[in-house]
$ cat model-v3.tsv   # TSV, C-alpha atoms
chain	number	residue	atom	x	y	z
K	173	MET	CA	0.00	0.00	0.00
K	174	PRO	CA	1.42	3.36	-0.95
K	175	VAL	CA	2.38	5.57	1.92
K	176	ALA	CA	1.68	8.79	0.13
K	177	PHE	CA	-2.03	8.38	-0.37
K	178	LEU	CA	-2.39	11.97	-1.43
K	179	LYS	CA	-0.55	11.16	-4.62
K	180	ASN	CA	-2.84	8.38	-5.66
K	181	ILE	CA	-6.07	10.19	-6.08
K	182	SER	CA	-8.43	8.30	-8.27
K	183	HIS	CA	-11.70	9.14	-6.59
K	184	ASN	CA	-12.16	12.66	-7.74
K	185	SER	CA	-15.47	11.94	-9.35
K	186	LEU	CA	-17.00	10.35	-6.29
K	187	THR	CA	-19.30	12.30	-4.02
K	188	ASP	CA	-18.56	12.65	-0.34
K	189	LYS	CA	-21.31	10.21	0.43
K	190	GLU	CA	-19.87	7.59	-1.87
K	191	LEU	CA	-16.43	8.02	-0.39
K	192	VAL	CA	-17.81	7.72	3.13
K	193	ALA	CA	-19.56	4.50	2.19
K	194	LEU	CA	-16.46	3.11	0.51
K	195	TYR	CA	-14.33	4.01	3.49
K	196	LYS	CA	-16.72	2.40	5.93
K	197	GLU	CA	-16.71	-0.73	3.88
K	198	SER	CA	-13.01	-1.03	3.26
K	199	GLY	CA	-11.34	0.92	6.07
K	200	ASP	CA	-9.01	2.18	3.38
K	201	MET	CA	-7.10	5.15	4.76
K	202	ALA	CA	-6.47	6.45	1.26
K	203	LEU	CA	-10.19	7.04	0.89
K	204	LEU	CA	-10.40	8.88	4.17
K	205	GLY	CA	-7.38	10.93	3.16
K	206	GLU	CA	-9.03	11.83	-0.11
K	207	LEU	CA	-12.20	12.85	1.67
K	208	TYR	CA	-10.36	14.91	4.27
K	209	GLN	CA	-8.32	16.62	1.61
K	210	ARG	CA	-11.46	18.15	0.19
K	211	TYR	CA	-12.07	20.11	3.34
K	212	MET	CA	-8.70	20.28	5.01
K	213	GLU	CA	-8.25	23.94	4.13
K	214	LEU	CA	-11.54	24.75	5.74
K	215	VAL	CA	-10.64	22.70	8.79
K	216	TYR	CA	-7.40	24.61	9.12
K	217	GLY	CA	-9.33	27.86	8.90
K	218	VAL	CA	-11.68	26.73	11.65
K	219	CYS	CA	-8.74	25.76	13.86
K	220	LEU	CA	-7.13	29.13	13.22
K	221	LYS	CA	-10.34	30.82	14.24
K	222	TYR	CA	-10.29	29.10	17.60
K	223	PHE	CA	-6.58	29.00	18.40
K	224	LYS	CA	-5.56	32.21	16.69
K	225	GLU	CA	-2.08	30.92	15.96
K	226	PRO	CA	-0.84	28.46	13.35
K	227	GLU	CA	1.09	25.83	15.32
K	228	THR	CA	-1.75	24.62	17.55
K	229	ALA	CA	-4.10	24.96	14.61
K	230	LYS	CA	-1.92	22.76	12.40
K	231	ASP	CA	-1.57	20.12	15.10
K	232	SER	CA	-5.32	20.14	15.47
K	233	VAL	CA	-5.84	19.57	11.76
K	234	ILE	CA	-3.80	16.39	12.11
K	235	GLN	CA	-5.55	15.36	15.32
K	236	ILE	CA	-8.96	15.86	13.78
K	237	PHE	CA	-7.98	13.58	10.92
K	238	GLU	CA	-6.96	10.96	13.45
K	239	GLU	CA	-10.27	11.36	15.23
K	240	LEU	CA	-12.09	10.72	12.00
K	241	VAL	CA	-10.51	7.31	11.57
K	242	GLY	CA	-12.67	5.80	14.28
K	243	LYS	CA	-15.52	8.29	14.41
K	244	LEU	CA	-16.57	7.97	10.83
K	245	LYS	CA	-17.00	4.23	11.22
K	246	LYS	CA	-19.20	4.62	14.23
K	247	HIS	CA	-21.48	7.37	13.01
K	248	GLU	CA	-24.04	7.50	10.31
K	249	VAL	CA	-22.89	10.46	8.30
K	250	GLU	CA	-25.29	11.84	5.75
K	251	ASN	CA	-23.61	15.14	5.11
K	252	PHE	CA	-19.88	14.71	5.57
K	253	LYS	CA	-19.02	18.35	5.18
K	254	GLY	CA	-21.46	19.53	7.82
K	255	TRP	CA	-20.48	16.72	10.13
K	256	LEU	CA	-16.78	17.42	9.73
K	257	HIS	CA	-17.40	21.05	10.60
K	258	GLN	CA	-19.01	19.96	13.86
K	259	VAL	CA	-16.22	17.51	14.63
K	260	ALA	CA	-13.62	20.22	13.98
K	261	LYS	CA	-15.41	22.79	16.14
K	262	ASN	CA	-15.90	20.32	18.95
K	263	HIS	CA	-12.27	19.34	18.82
K	264	CYS	CA	-11.15	22.94	19.12
K	265	LEU	CA	-13.62	23.72	21.88
K	266	MET	CA	-12.50	20.70	23.87
K	267	GLN	CA	-8.90	21.83	23.55
K	268	LEU	CA	-9.79	25.30	24.70
K	269	ARG	CA	-12.10	24.28	27.48
K	270	THR	CA	-9.67	24.59	30.30
K	271	PRO	CA	-10.29	27.08	33.11
K	272	LYS	CA	-7.51	29.35	32.00
K	273	ASN	CA	-8.86	29.59	28.51
K	274	LEU	CA	-12.55	29.66	29.23
K	275	LYS	CA	-12.75	33.30	28.42
K	276	THR	CA	-11.68	32.82	24.82
K	277	VAL	CA	-14.12	30.05	24.05
K	278	GLU	CA	-16.96	31.17	21.88
K	279	PHE	CA	-19.83	29.11	23.15
K	280	LYS	CA	-22.00	31.27	21.04
K	281	THR	CA	-20.94	29.39	17.95
K	282	GLU	CA	-22.49	26.25	19.30
K	283	LEU	CA	-25.62	27.82	20.62
K	284	VAL	CA	-26.41	29.76	17.51
K	285	GLN	CA	-26.99	26.50	15.65
K	286	ASN	CA	-25.34	27.47	12.44
K	287	GLU	CA	-26.47	24.24	10.88
K	288	GLU	CA	-29.96	25.54	10.43
K	289	ASN	CA	-28.86	26.19	6.88
K	290	VAL	CA	-30.29	29.53	6.07
K	291	HIS	CA	-30.62	29.24	2.34
K	292	LEU	CA	-31.50	32.83	1.87
K	293	ASN	CA	-29.41	33.29	-1.25
K	294	GLY	CA	-31.62	31.10	-3.36
K	295	VAL	CA	-34.79	32.49	-1.90
K	296	LEU	CA	-33.85	36.08	-2.59
K	297	GLU	CA	-33.07	35.42	-6.19
K	298	LYS	CA	-36.57	34.36	-7.05
K	299	GLU	CA	-38.46	37.31	-8.35
K	300	GLU	CA	-41.80	36.27	-6.93
K	301	ASN	CA	-40.33	36.62	-3.50
K	302	PHE	CA	-39.44	40.26	-3.93
K	303	GLN	CA	-42.75	41.59	-2.71
K	304	ARG	CA	-42.66	39.41	0.33
K	305	LEU	CA	-39.06	40.42	0.83
K	306	GLU	CA	-39.97	44.07	0.59
K	307	ASN	CA	-42.52	43.64	3.35
K	308	CYS	CA	-40.16	41.72	5.55
K	309	LEU	CA	-37.37	44.22	5.04
K	310	GLY	CA	-39.70	46.77	6.54
K	311	THR	CA	-39.77	44.81	9.77
K	312	LEU	CA	-36.00	45.00	10.30
K	313	ILE	CA	-34.24	47.71	12.26
K	314	PRO	CA	-32.93	50.38	9.87
K	315	GLU	CA	-29.27	49.38	10.12
K	316	GLN	CA	-30.03	45.77	9.31
K	317	ARG	CA	-32.37	46.74	6.53
K	318	GLU	CA	-29.82	48.99	4.90
K	319	ALA	CA	-26.99	46.45	5.20
K	320	ILE	CA	-29.17	43.66	3.80
K	321	ARG	CA	-30.33	45.86	0.95
K	322	LEU	CA	-26.82	46.84	-0.03
K	323	PHE	CA	-25.50	43.32	0.27
K	324	TYR	CA	-28.22	41.23	-1.31
K	325	LEU	CA	-29.97	43.62	-3.62
K	326	GLU	CA	-27.06	45.73	-4.76
K	327	GLY	CA	-24.39	43.08	-4.45
K	328	LYS	CA	-22.00	45.21	-2.43
K	329	CYS	CA	-19.25	43.53	-0.44
K	330	TYR	CA	-18.69	44.28	3.24
K	331	ASN	CA	-15.93	46.78	2.55
K	332	GLU	CA	-18.10	48.76	0.21
K	333	ILE	CA	-20.88	48.82	2.76
K	334	VAL	CA	-18.40	49.99	5.39
K	335	GLU	CA	-17.43	52.86	3.15
K	336	MET	CA	-20.97	53.76	2.27
K	337	THR	CA	-22.39	53.67	5.77
K	338	GLY	CA	-19.38	54.60	7.88
K	339	GLN	CA	-20.04	51.62	10.14
K	340	GLU	CA	-17.39	49.26	11.45
K	341	TRP	CA	-16.68	46.13	9.39
K	342	ASN	CA	-17.77	43.88	12.24
K	343	GLN	CA	-20.96	45.85	12.67
K	344	VAL	CA	-21.74	45.51	9.00
K	345	ARG	CA	-21.24	41.81	9.16
K	346	SER	CA	-23.48	41.34	12.16
K	347	PHE	CA	-26.17	43.56	10.70
K	348	ILE	CA	-26.18	41.28	7.69
K	349	GLN	CA	-26.00	38.08	9.73
K	350	ASN	CA	-28.73	39.11	12.13
K	351	GLY	CA	-30.75	40.81	9.44
K	352	ARG	CA	-30.84	37.70	7.29
K	353	ARG	CA	-31.78	35.56	10.27
K	354	ASN	CA	-34.71	37.85	11.07
K	355	LEU	CA	-35.57	38.05	7.42
K	356	LYS	CA	-35.60	34.30	7.12
K	357	ILE	CA	-37.98	33.99	10.03
K	358	CYS	CA	-40.24	36.61	8.50
K	359	MET	CA	-40.11	35.08	5.02
K	360	GLU	CA	-40.94	31.63	6.35
K	361	LYS	CA	-43.84	32.95	8.34
K	362	ASN	CA	-45.22	34.64	5.26
K	363	GLU	CA	-44.60	31.58	3.18
K	364	VAL	CA	-46.85	29.59	5.44
K	365	GLU	CA	-49.51	32.29	5.18
K	366	ALA	CA	-49.15	32.48	1.41
K	367	GLY	CA	-49.33	28.70	1.25
K	368	THR	CA	-52.65	28.60	3.05
K	369	ARG	CA	-54.09	31.16	0.68
K	370	THR	CA	-53.41	29.26	-2.54
N	807	MET	CA	-16.71	18.43	-9.25
N	808	ALA	CA	-20.08	16.80	-9.42
N	809	ASP	CA	-20.51	16.93	-5.70
N	810	ASN	CA	-24.16	17.35	-4.92
N	811	ASN	CA	-23.69	18.98	-1.55
N	812	ASN	CA	-21.00	21.33	-2.78
N	813	ILE	CA	-22.13	24.21	-4.84
N	814	LYS	CA	-18.96	26.18	-5.10
N	815	THR	CA	-15.78	25.77	-3.21
N	816	PHE	CA	-13.38	28.47	-2.22
N	817	SER	CA	-9.81	27.53	-1.50
N	818	ALA	CA	-7.59	28.82	1.27
N	819	ALA	CA	-5.79	30.78	-1.42
N	820	ASP	CA	-9.02	32.57	-2.34
N	821	ILE	CA	-9.62	33.38	1.29
N	822	GLU	CA	-6.08	34.64	1.68
N	823	LYS	CA	-6.56	36.93	-1.29
N	824	TYR	CA	-9.76	38.13	0.27
N	825	HIS	CA	-7.97	39.18	3.42
N	826	LYS	CA	-5.12	40.73	1.51
N	827	GLY	CA	-7.56	42.82	-0.46
N	828	GLN	CA	-6.61	41.14	-3.72
N	829	LEU	CA	-10.13	40.32	-4.79
N	830	SER	CA	-12.48	42.62	-6.64
N	831	PRO	CA	-15.53	43.88	-4.75
N	832	LYS	CA	-17.60	41.48	-6.81
N	833	GLU	CA	-15.44	38.51	-5.86
N	834	MET	CA	-15.43	39.60	-2.24
N	835	HIS	CA	-19.17	39.80	-2.28
N	836	SER	CA	-19.52	36.32	-3.72
N	837	LEU	CA	-17.24	34.85	-1.06
N	838	GLU	CA	-19.12	36.70	1.67
N	839	LYS	CA	-22.40	35.49	0.27
N	840	ALA	CA	-21.20	31.91	0.14
N	841	ALA	CA	-19.96	32.20	3.72
N	842	LEU	CA	-23.37	33.34	4.91
N	843	ASP	CA	-24.84	30.13	3.58
N	844	ASP	CA	-21.99	27.91	4.66
N	845	PRO	CA	-21.01	28.12	8.33
N	846	PHE	CA	-17.93	25.98	7.69
N	847	LEU	CA	-16.67	28.48	5.16
N	848	ALA	CA	-17.67	31.36	7.43
N	849	ASP	CA	-15.53	29.96	10.25
N	850	ALA	CA	-12.61	29.39	7.92
N	851	LEU	CA	-12.93	32.87	6.49
N	852	GLU	CA	-12.67	34.25	9.99
N	853	GLY	CA	-9.79	31.97	10.88
N	854	TYR	CA	-7.63	32.93	7.95
N	855	ALA	CA	-7.76	36.52	9.11
N	856	THR	CA	-5.31	35.49	11.82
N	857	PRO	CA	-2.24	37.67	11.44
N	858	GLY	CA	1.15	36.18	10.68
N	859	ILE	CA	0.14	33.00	8.91
N	860	ASN	CA	1.62	31.77	5.68
N	861	VAL	CA	-1.28	30.02	4.05
N	862	ALA	CA	0.49	28.30	1.17
N	863	ALA	CA	3.33	27.02	3.34
N	864	ASP	CA	0.98	25.87	6.09
N	865	ILE	CA	-1.27	23.98	3.69
N	866	ALA	CA	1.75	22.36	2.07
N	867	GLU	CA	3.06	21.32	5.45
N	868	LEU	CA	-0.30	19.88	6.45
N	869	LYS	CA	-0.56	17.87	3.25
N	870	LYS	CA	2.87	16.50	3.86
N	871	ARG	CA	2.13	15.58	7.45
N	872	LEU	CA	-1.14	13.94	6.50
N	873	SER	CA	0.41	11.96	3.71
N	874	LYS	CA	2.54	10.20	6.29
N	875	LYS	CA	-0.43	9.12	8.34
N	876	PRO	CA	-1.38	5.80	6.76
N	877	LYS	CA	1.93	4.27	7.69
N	878	LYS	CA	1.36	5.02	11.32
N	879	GLN	CA	-2.23	3.85	11.22
N	880	ARG	CA	-1.45	0.52	9.64
N	881	SER	CA	-1.44	-1.37	12.92
N	882	TYR	CA	-4.64	0.45	13.92
N	883	PRO	CA	-3.66	1.36	17.46
N	884	CYS	CA	-6.26	4.11	17.46
N	885	MET	CA	-8.97	1.78	16.31
N	886	ALA	CA	-8.23	-0.59	19.14
N	887	ALA	CA	-8.34	2.21	21.65
N	888	ALA	CA	-11.35	3.88	20.15
N	889	SER	CA	-13.49	0.82	19.73
N	890	HIS	CA	-14.19	0.27	23.40
N	891	HIS	CA	-17.44	2.14	22.99
N	892	SER	CA	-18.71	-0.23	20.40
N	893	PRO	CA	-17.29	-3.70	20.66
N	894	GLY	CA	-17.40	-5.60	17.44
N	895	SER	CA	-16.51	-2.59	15.34
N	896	GLU	CA	-13.18	-4.07	14.45
N	897	ARG	CA	-11.93	-3.89	10.94
N	898	ARG	CA	-13.16	-6.48	8.57

$ encode --input "model-v3.tsv" --output "structure tokens"
Amino acid sequence: MPVAFLKNISHNSLTDKELVALYKESGDMALLGELYQRYMELVYGVCLKYFKEPETAKDSVIQIFEELVGKLKKHEVENFKGWLHQVAKNHCLMQLRTPKNLKTVEFKTELVQNEENVHLNGVLEKEENFQRLENCLGTLIPEQREAIRLFYLEGKCYNEIVEMTGQEWNQVRSFIQNGRRNLKICMEKNEVEAGTRT
Amino acid sequence: MADNNNIKTFSAADIEKYHKGQLSPKEMHSLEKAALDDPFLADALEGYATPGINVAADIAELKKRLSKKPKKQRSYPCMAAASHHSPGSERR
């Protein structure tokens, strides 16, 4: 068996799900390596977010891979990417969860339930939703409304919105994040109402 | 890539360019938009803002370190240790 599994990639055309199934069946580390490769750069980014320095983050990328070896066999994994994200976050949080570091741990990330999958992008691009969107935009606080409008309707990036509004970059981002969350709730509520009308 | 649960993927290099201001506003917007729909990407985007990292070198190092893993795993010491939760999950 070749040591350098990264060099023998022949599974490019397989989906994550197929690779997961193949790995579970065969225990072939090359398959797991191939799968991990697809998201390793994201995993490293996540680790950097938590540790804020490269050495611990790099070690964690390796440790997370090692964790996967056993974990993936034990769990039913439908969506590998989403699952890996959780595994990576949990790994980092566990590392950080010592009394001296407690302060730096962002529990928020876990509580916010990012996995709710706010597929707002697709929704907003459908023209028939514009009227509903218009109404829902009206329910947002002005800062959120403006940020959402500039970002989604005018396609401005955060920096441009910073320049246009004079707000801080972080503020802009949270206006958009919170605005879209509120918007999603509003849009879904209206969708139900619209659905009962037709 | 015909990956059904992957619409568009951004590499670490794209993210690095983003932070270095080497993307056009349009490209920045599309990365930001993707990140809003993909919490994994959002976390990574935030992580790569860490000052003092050398993305290309770090990724290369990680690939190298990972490519050495199978050798170590061949005797499956981790499997043996990890399988105490579910006996009978040994390798076929």

$ closest_residue --input "model-v3.tsv" --among "K:Lys189, K:Lys356, K:Lys196, K:Lys224" --to "Asn301 of chain K" --atoms "only C-alpha atoms"
K:Lys356

$ axis_aligned_box --input "model-v3.tsv" --around "segment 850-855 of chain N" --padding-each-side "6 Å" --output "lines of an AutoDock Vina configuration file"
center_x = -10.3
center_y = 33.0
center_z = 8.7
size_x = 17.3
size_y = 19.1
size_z = 16.4

$ closest_residue --input "model-v3.tsv" --among "N:Ala850, N:Leu829, N:Ala840, N:Ile821" --to "chain K" --atoms "only C-alpha atoms"
N:Ala850

$ atom_distance --input "model-v3.tsv" --atom1 "atom CA of Glu225 of chain K" --atom2 "atom CA of Glu822 of chain N"
15.3 Å

$ residues_near_point --input "model-v3.tsv" --point "(-40.2, 36.3, 11.0)" --cutoff "12 Å" --atoms "only C-alpha atoms" --output "ChimeraX atom specification"
/K:304-305,307-312,350-365

$ closest_residue --input "model-v3.tsv" --among "K:Gly199, K:Gly217, K:Pro226, K:Gly254" --to "Val241 of chain K" --atoms "only C-alpha atoms"
K:Gly199

$ closest_residue --input "model-v3.tsv" --among "N:Phe816, N:Ala841, N:His835, N:Pro857" --to "chain K" --atoms "all atoms listed in the file"
N:His835

$ atom_distance --input "model-v3.tsv" --atom1 "atom CA of Ser873 of chain N" --atom2 "atom CA of Glu238 of chain K"
12.3 Å

$ closest_residue --input "model-v3.tsv" --among "K:Leu194, K:Ala319, K:Ala260, K:Val344" --to "Ser232 of chain K" --atoms "only C-alpha atoms"
K:Ala260

$ closest_residue --input "model-v3.tsv" --among "K:Lys328, K:Glu190, K:Glu340, K:Met266" --to "chain N" --atoms "only C-alpha atoms"
K:Lys328

$ atom_distance --input "model-v3.tsv" --atom1 "atom CA of Glu318 of chain K" --atom2 "atom CA of Leu837 of chain N"
19.8 Å
